Amino acid sequence: IKTYAKGDDAMLLKVNQLRDIVETQIENDEADAIEPVYVTSLLRGFGVLGKTQDMMRAFRLLQRKTSLVDHKAYNEVIRWLAHDGNVKSVLAVKKEMEANNEFHMATVYWNIFKVLGKFYPKLTEKYYDEARTTLTFDGMMYAQVLKSFMDLNDSKRVRGIHAEMLALHQRGVPVYNKMSISLMIKFFGRDREEFDALIKVANSAGQLDQGFVQSNIIRGYGLQERWAELHAFVASLPGKQPLVYLALLRVYGRTQDFDNFERTFDEMKRNGVQFTDVMFTTVVSIASRRHNTAKFRRIVDEMRALVTVKTCKFYAVAAAIHLRLDEMEAVTGMWRDMVGSKVNIDMDTFNQFLEMYVQRNNFAMMQEVLQTMMERTPPNP
């Protein structure tokens with residue numbers, strides 16, 4: 001997740017200089033002299049920095065004063081609004097595209113599916129049906145729609161899309177990428193026959209060296225309690241990628257094999273594995289099951305210091321830890337830090353913070369969370 005930070009000052013300076021150039025040309029009635037590449041560069045610059053309000057101001061100015069706003073500009077805007085998790089604005093810009101008869105690139109739908117997540121099933125169905133009438137799906141689009149319908153627990157739709165992909169694969173069409181094949185392996189993790197068949201598909205598609213695929217194979221072996229095959233698979237790998245370590249932590253945590261869990265955790269530290277907020281969530285969740293408060297706190301503090309890239313999940317998990325330890329000021333500190341960081345906040349995280357304040361009858365903070373949520377996400381139609 002890319003957000004604005006002090007280290008981005010140089011980039012922000014360049015983006016503001018580009019904005020000044022564009023605004024000066026508009027003021028001097030020289031809009032025709034603006035290079036088309038300036039439009040996407042300006043929008044993308046603000047988007048990368050997490051400054052979507054500045055991006056939208058530039059976009060509206062270009063709309064009013066120039067004829068340079070085309071489908072590529074719309075695509076850029078939707079991309080960064082989706083990245084920011086702003087469902088309401090994404091849908092508004094999509095409707096604007098329809099009203100203006102703008103061409104829809106595949107990435108427009110990809111970003112719409114991504115931002116809708118699992119909370120808008122009717123809209124997901126609507127835009128899926130629309131995309132099928134206008135696009136030829138590629139591997140990236142198949143992966144995203146698979147994830148969308150898996151999130152919605154629509155197994156019938158998932159199986160139908162998978163059957164379509166498998167038929168294309170057998171005809172030599174390259175539709176499987178690391179995300180789509182790993183999603184299918186995860187989906188069929190408890191179905192031995194389908195699971196084993198998908199490992200063969202992953203091999204024939206040249207995807208067995210991908211961390212996402214390897215991690216879901218480990219997960220499946222664990223769910224099926226095929227321990228000899230799990231250990232043989234891990235031993236066959238030329239090296240352990242971070243996702244492999246994460247899968248092992250989850251397998252050992254689920255089976256309460258704390259000795260192997262701690263051994264894996266120590267190995268990760270020795271090997272200099274970069275700890276993400278997902279790993280933080282996993283390790284902390286598993287450590288909390290040991291009911292050893294001192295050891296739990298030590299692991300939490302150690303892990304928190306190791307996380308270098310923070311998303312909303314990091315703040316939600318850290319807040320939940322403080323809630324468990326009855327440190328409500330720290331919970332609110334995590335909330336304020338998260339909102340101030342401008343990271344994308346998904347609906348699950350809003351609900352988690354809301355539940356924390358409901359538990360403690362903190363009506364003022366409940367209202368603040370709800371207000372922030374409504375500013376970023378519309379009601380579910």
# chains A, B, ... in the order shown; residues from 1 in each chain; ligands from 1
call {"tool": "residues_around", "arguments": {"residues": "segment 78-94 of chain A", "least_positions_apart": "3", "cutoff": "6 Å", "atoms": "only C-alpha atoms", "output": "PyMOL selection string"}}
result
chain A and resi 47+75+97+111+115+344+376-378
call {"tool": "residues_around", "arguments": {"residues": "segment 322-338 of chain A", "least_positions_apart": "5", "cutoff": "7 Å", "atoms": "only C-alpha atoms", "output": "ChimeraX atom specification"}}
result
/A:312,315,343
call {"tool": "closest_atom_pairs", "arguments": {"of": "segment 210-275 of chain A", "to": "segment 182-199 of chain A", "cutoff": "8 Å", "atoms": "only C-alpha atoms", "output": "CSV"}}
result
residue,atom,partner,partner_atom,distance
A:Phe212,CA,A:Ser182,CA,5.8
A:Val213,CA,A:Ser182,CA,4.5
A:Gln214,CA,A:Ser182,CA,8.0
A:Asn216,CA,A:Lys186,CA,5.4
A:Ile217,CA,A:Ile185,CA,6.8
A:Arg219,CA,A:Gly189,CA,7.1
A:Gly220,CA,A:Gly189,CA,4.3
A:Tyr221,CA,A:Gly189,CA,7.7
A:Leu223,CA,A:Arg190,CA,6.2
A:Gln224,CA,A:Arg190,CA,6.1
call {"tool": "write_last_selection", "arguments": {"atoms": "all heavy atoms", "output": "compact mmCIF listing (two decimals), in the first residue's frame"}}
result
# COMPACT_ATOMS: atom_id res chain seq x y z
N PHE A 212 2.67 -17.76 -3.80
CA PHE A 212 1.24 -17.88 -3.56
C PHE A 212 0.78 -19.32 -3.77
O PHE A 212 -0.02 -19.85 -2.99
CB PHE A 212 0.46 -16.96 -4.51
CG PHE A 212 0.53 -15.51 -4.15
CD1 PHE A 212 1.32 -14.64 -4.88
CD2 PHE A 212 -0.20 -15.01 -3.08
CE1 PHE A 212 1.39 -13.30 -4.55
CE2 PHE A 212 -0.15 -13.67 -2.74
CZ PHE A 212 0.66 -12.81 -3.48
N VAL A 213 1.28 -19.95 -4.82
CA VAL A 213 0.89 -21.32 -5.12
C VAL A 213 1.46 -22.27 -4.07
O VAL A 213 0.74 -23.13 -3.53
CB VAL A 213 1.38 -21.71 -6.54
CG1 VAL A 213 1.06 -23.18 -6.84
CG2 VAL A 213 0.76 -20.80 -7.59
N GLN A 214 2.72 -22.12 -3.75
CA GLN A 214 3.36 -23.00 -2.76
C GLN A 214 2.66 -22.90 -1.41
O GLN A 214 2.43 -23.92 -0.73
CB GLN A 214 4.83 -22.62 -2.61
CG GLN A 214 5.67 -22.89 -3.85
CD GLN A 214 7.07 -22.29 -3.76
OE1 GLN A 214 7.41 -21.62 -2.79
NE2 GLN A 214 7.87 -22.52 -4.79
N ASN A 216 -0.46 -22.16 -0.70
CA ASN A 216 -1.77 -22.80 -0.69
C ASN A 216 -1.68 -24.31 -0.82
O ASN A 216 -2.57 -25.03 -0.38
CB ASN A 216 -2.67 -22.18 -1.76
CG ASN A 216 -3.28 -20.88 -1.30
OD1 ASN A 216 -3.95 -20.82 -0.28
ND2 ASN A 216 -3.01 -19.80 -2.03
N ILE A 217 -0.60 -24.80 -1.44
CA ILE A 217 -0.37 -26.25 -1.43
C ILE A 217 -0.08 -26.72 -0.01
O ILE A 217 -0.62 -27.74 0.47
CB ILE A 217 0.79 -26.61 -2.39
CG1 ILE A 217 0.36 -26.40 -3.85
CG2 ILE A 217 1.23 -28.06 -2.17
CD1 ILE A 217 1.48 -26.57 -4.86
N ARG A 219 -1.05 -25.24 2.71
CA ARG A 219 -2.33 -25.12 3.43
C ARG A 219 -3.21 -26.35 3.17
O ARG A 219 -3.82 -26.91 4.10
CB ARG A 219 -3.05 -23.85 3.00
CG ARG A 219 -4.46 -23.70 3.55
CD ARG A 219 -5.12 -22.45 2.98
NE ARG A 219 -6.50 -22.32 3.43
CZ ARG A 219 -7.54 -22.90 2.82
NH1 ARG A 219 -7.32 -23.66 1.74
NH2 ARG A 219 -8.77 -22.74 3.28
N GLY A 220 -3.31 -26.76 1.90
CA GLY A 220 -4.15 -27.90 1.56
C GLY A 220 -3.67 -29.19 2.18
O GLY A 220 -4.47 -29.97 2.72
N TYR A 221 -2.37 -29.43 2.12
CA TYR A 221 -1.83 -30.63 2.76
C TYR A 221 -2.14 -30.63 4.26
O TYR A 221 -2.45 -31.66 4.86
CB TYR A 221 -0.31 -30.71 2.54
CG TYR A 221 0.10 -31.23 1.19
CD1 TYR A 221 1.13 -30.61 0.47
CD2 TYR A 221 -0.50 -32.35 0.63
CE1 TYR A 221 1.53 -31.08 -0.78
CE2 TYR A 221 -0.11 -32.84 -0.62
CZ TYR A 221 0.91 -32.20 -1.31
OH TYR A 221 1.29 -32.69 -2.53
N LEU A 223 -4.72 -29.07 5.80
CA LEU A 223 -6.15 -29.30 6.00
C LEU A 223 -6.50 -30.77 5.84
O LEU A 223 -7.38 -31.30 6.53
CB LEU A 223 -6.96 -28.46 5.01
CG LEU A 223 -6.98 -26.95 5.24
CD1 LEU A 223 -7.67 -26.25 4.08
CD2 LEU A 223 -7.69 -26.61 6.55
N GLN A 224 -5.80 -31.44 4.92
CA GLN A 224 -6.06 -32.86 4.67
C GLN A 224 -5.22 -33.77 5.59
O GLN A 224 -5.30 -34.99 5.49
CB GLN A 224 -5.76 -33.19 3.20
CG GLN A 224 -6.66 -32.44 2.22
CD GLN A 224 -6.22 -32.63 0.77
OE1 GLN A 224 -5.80 -33.72 0.38
NE2 GLN A 224 -6.30 -31.57 -0.01
call {"tool": "residues_around", "arguments": {"residues": "Lys310 of chain A", "least_positions_apart": "5", "cutoff": "12 Å", "atoms": "only C-alpha atoms", "output": "ChimeraX atom specification"}}
result
/A:1-3,275-281,304-305,315-318,334,337-338,341-345
call {"tool": "residues_around", "arguments": {"residues": "Asn101 of chain A", "least_positions_apart": "6", "cutoff": "12 Å", "atoms": "only C-alpha atoms", "output": "list in words"}}
result
Asp70, His71, Tyr74, Lys94 and Lys95 of chain A
call {"tool": "write_last_selection", "arguments": {"atoms": "N, CA and C atoms", "output": "PDB file, in the first residue's frame"}}
result
ATOM      1  N   ASP A  70      -9.827  11.576 -21.433  1.00  0.00           N
ATOM      2  CA  ASP A  70     -10.346  10.464 -22.218  1.00  0.00           C
ATOM      3  C   ASP A  70     -10.466   9.223 -21.339  1.00  0.00           C
ATOM      4  N   HIS A  71     -10.691   8.071 -21.988  1.00  0.00           N
ATOM      5  CA  HIS A  71     -10.881   6.845 -21.201  1.00  0.00           C
ATOM      6  C   HIS A  71      -9.646   6.487 -20.378  1.00  0.00           C
ATOM      7  N   TYR A  74      -9.904   8.502 -17.158  1.00  0.00           N
ATOM      8  CA  TYR A  74     -10.898   7.883 -16.278  1.00  0.00           C
ATOM      9  C   TYR A  74     -10.345   6.612 -15.628  1.00  0.00           C
ATOM     10  N   LYS A  94     -17.616   5.751 -12.383  1.00  0.00           N
ATOM     11  CA  LYS A  94     -18.068   4.731 -13.342  1.00  0.00           C
ATOM     12  C   LYS A  94     -19.362   5.173 -14.024  1.00  0.00           C
ATOM     13  N   LYS A  95     -20.307   5.698 -13.256  1.00  0.00           N
ATOM     14  CA  LYS A  95     -21.561   6.187 -13.841  1.00  0.00           C
ATOM     15  C   LYS A  95     -21.305   7.350 -14.793  1.00  0.00           C
TER      16      LYS A  95
END
call {"tool": "atom_distance", "arguments": {"atom1": "atom CA of Lys126 of chain A", "atom2": "atom CA of Leu166 of chain A"}}
result
24.3 Å
call {"tool": "select_by_dssp", "arguments": {"residues": "segment 119-193 of chain A", "states": "helix (DSSP H, G or I)", "output": "ChimeraX atom specification"}}
result
/A:121-134,139-151,155-170,178-187,192-193
call {"tool": "residues_around", "arguments": {"residues": "Gln241 of chain A", "least_positions_apart": "6", "cutoff": "9 Å", "atoms": "only C-alpha atoms", "output": "list in words"}}
result
Gln210, Gly211, Gln214, Ser215 and Val273 of chain A
call {"tool": "atom_distance", "arguments": {"atom1": "atom CA of Ile112 of chain A", "atom2": "atom CA of Leu43 of chain A"}}
result
18.0 Å
call {"tool": "atom_distance", "arguments": {"atom1": "atom CA of Leu68 of chain A", "atom2": "atom CA of Ala33 of chain A"}}
result
10.6 Å
call {"tool": "residues_around", "arguments": {"residues": "Val22 of chain A", "least_positions_apart": "2", "cutoff": "12 Å", "atoms": "only C-alpha atoms", "output": "PyMOL selection string"}}
result
chain A and resi 15-20+24-43+58-59+61-62+65-66+68
call {"tool": "write_last_selection", "arguments": {"atoms": "N, CA, C and O atoms", "output": "short mmCIF file (atom, residue, chain, number, x, y, z; two decimals), in the first residue's frame"}}
result
data_model
loop_
_atom_site.label_atom_id
_atom_site.label_comp_id
_atom_site.auth_asym_id
_atom_site.auth_seq_id
_atom_site.Cartn_x
_atom_site.Cartn_y
_atom_site.Cartn_z
N VAL A 15 5.40 16.42 -8.82
CA VAL A 15 4.00 16.38 -9.22
C VAL A 15 3.39 17.77 -9.15
O VAL A 15 2.64 18.20 -10.04
N ASN A 16 3.71 18.52 -8.10
CA ASN A 16 3.20 19.89 -7.98
C ASN A 16 3.75 20.79 -9.10
O ASN A 16 3.06 21.68 -9.59
N GLN A 17 5.01 20.55 -9.48
CA GLN A 17 5.57 21.32 -10.60
C GLN A 17 4.82 21.02 -11.88
O GLN A 17 4.53 21.93 -12.68
N LEU A 18 4.48 19.75 -12.09
CA LEU A 18 3.70 19.38 -13.27
C LEU A 18 2.32 20.01 -13.23
O LEU A 18 1.82 20.51 -14.25
N ARG A 19 1.70 20.04 -12.05
CA ARG A 19 0.40 20.69 -11.92
C ARG A 19 0.52 22.18 -12.23
O ARG A 19 -0.36 22.75 -12.91
N ASP A 20 1.58 22.82 -11.76
CA ASP A 20 1.77 24.25 -12.04
C ASP A 20 1.90 24.51 -13.53
O ASP A 20 1.35 25.49 -14.05
N THR A 24 -0.79 26.75 -15.50
CA THR A 24 -0.31 27.95 -16.18
C THR A 24 -0.73 27.96 -17.65
O THR A 24 -1.18 28.98 -18.19
N GLN A 25 -0.61 26.81 -18.30
CA GLN A 25 -1.02 26.73 -19.71
C GLN A 25 -2.52 26.96 -19.86
O GLN A 25 -2.95 27.59 -20.82
N ILE A 26 -3.30 26.47 -18.90
CA ILE A 26 -4.75 26.70 -18.95
C ILE A 26 -5.06 28.18 -18.75
O ILE A 26 -5.86 28.77 -19.49
N GLU A 27 -4.40 28.81 -17.77
CA GLU A 27 -4.63 30.23 -17.49
C GLU A 27 -4.23 31.11 -18.67
O GLU A 27 -4.84 32.16 -18.92
N ASN A 28 -3.20 30.69 -19.39
CA ASN A 28 -2.73 31.46 -20.55
C ASN A 28 -3.46 31.09 -21.84
O ASN A 28 -3.03 31.47 -22.93
N ASP A 29 -4.57 30.36 -21.70
CA ASP A 29 -5.36 29.94 -22.85
C ASP A 29 -4.52 29.13 -23.84
O ASP A 29 -4.65 29.28 -25.06
N GLU A 30 -3.65 28.26 -23.28
CA GLU A 30 -2.80 27.42 -24.11
C GLU A 30 -3.06 25.94 -23.81
O GLU A 30 -2.15 25.10 -23.83
N ALA A 31 -4.33 25.63 -23.53
CA ALA A 31 -4.67 24.24 -23.18
C ALA A 31 -4.30 23.27 -24.28
O ALA A 31 -3.94 22.12 -24.02
N ASP A 32 -4.36 23.74 -25.53
CA ASP A 32 -4.04 22.85 -26.65
C ASP A 32 -2.57 22.44 -26.65
O ASP A 32 -2.19 21.46 -27.30
N ALA A 33 -1.74 23.19 -25.91
CA ALA A 33 -0.31 22.89 -25.88
C ALA A 33 0.05 21.87 -24.79
O ALA A 33 1.20 21.43 -24.71
N ILE A 34 -0.93 21.51 -23.97
CA ILE A 34 -0.65 20.53 -22.91
C ILE A 34 -0.43 19.16 -23.52
O ILE A 34 -1.24 18.67 -24.31
N GLU A 35 0.67 18.54 -23.17
CA GLU A 35 0.97 17.20 -23.67
C GLU A 35 0.01 16.18 -23.05
O GLU A 35 -0.19 16.20 -21.83
N PRO A 36 -0.61 15.31 -23.86
CA PRO A 36 -1.54 14.32 -23.30
C PRO A 36 -0.92 13.48 -22.18
O PRO A 36 -1.61 13.10 -21.23
N VAL A 37 0.38 13.20 -22.29
CA VAL A 37 1.03 12.38 -21.27
C VAL A 37 1.04 13.08 -19.91
O VAL A 37 1.11 12.43 -18.87
N TYR A 38 0.95 14.42 -19.93
CA TYR A 38 0.91 15.16 -18.67
C TYR A 38 -0.33 14.79 -17.85
O TYR A 38 -0.29 14.82 -16.62
N VAL A 39 -1.43 14.51 -18.53
CA VAL A 39 -2.69 14.23 -17.85
C VAL A 39 -2.56 12.97 -16.98
O VAL A 39 -2.80 13.00 -15.77
N THR A 40 -2.18 11.86 -17.61
CA THR A 40 -2.05 10.62 -16.84
C THR A 40 -0.92 10.70 -15.82
O THR A 40 -1.03 10.16 -14.72
N SER A 41 0.15 11.40 -16.15
CA SER A 41 1.27 11.53 -15.21
C SER A 41 0.85 12.31 -13.97
O SER A 41 1.23 11.95 -12.84
N LEU A 42 0.07 13.37 -14.17
CA LEU A 42 -0.39 14.18 -13.04
C LEU A 42 -1.35 13.39 -12.15
O LEU A 42 -1.20 13.36 -10.92
N LEU A 43 -2.31 12.72 -12.77
CA LEU A 43 -3.27 11.93 -12.00
C LEU A 43 -2.58 10.79 -11.27
O LEU A 43 -2.85 10.53 -10.10
N ALA A 58 -7.48 18.06 -9.85
CA ALA A 58 -6.80 18.18 -11.14
C ALA A 58 -7.65 17.59 -12.26
O ALA A 58 -7.74 18.15 -13.36
N PHE A 59 -8.28 16.47 -12.00
CA PHE A 59 -9.13 15.80 -12.99
C PHE A 59 -10.29 16.70 -13.39
O PHE A 59 -10.58 16.87 -14.59
N LEU A 61 -10.50 19.97 -13.11
CA LEU A 61 -9.98 21.14 -13.83
C LEU A 61 -9.73 20.79 -15.30
O LEU A 61 -10.10 21.54 -16.21
N LEU A 62 -9.11 19.66 -15.53
CA LEU A 62 -8.84 19.23 -16.90
C LEU A 62 -10.13 18.98 -17.67
O LEU A 62 -10.22 19.25 -18.87
N LYS A 65 -11.61 22.60 -18.51
CA LYS A 65 -10.83 23.55 -19.30
C LYS A 65 -10.12 22.95 -20.52
O LYS A 65 -9.56 23.71 -21.32
N THR A 66 -10.14 21.62 -20.65
CA THR A 66 -9.44 21.02 -21.78
C THR A 66 -10.29 19.90 -22.39
O THR A 66 -11.34 19.54 -21.85
N LEU A 68 -8.76 16.96 -22.99
CA LEU A 68 -7.76 15.91 -22.86
C LEU A 68 -8.21 14.74 -22.00
O LEU A 68 -7.51 13.73 -21.91
#
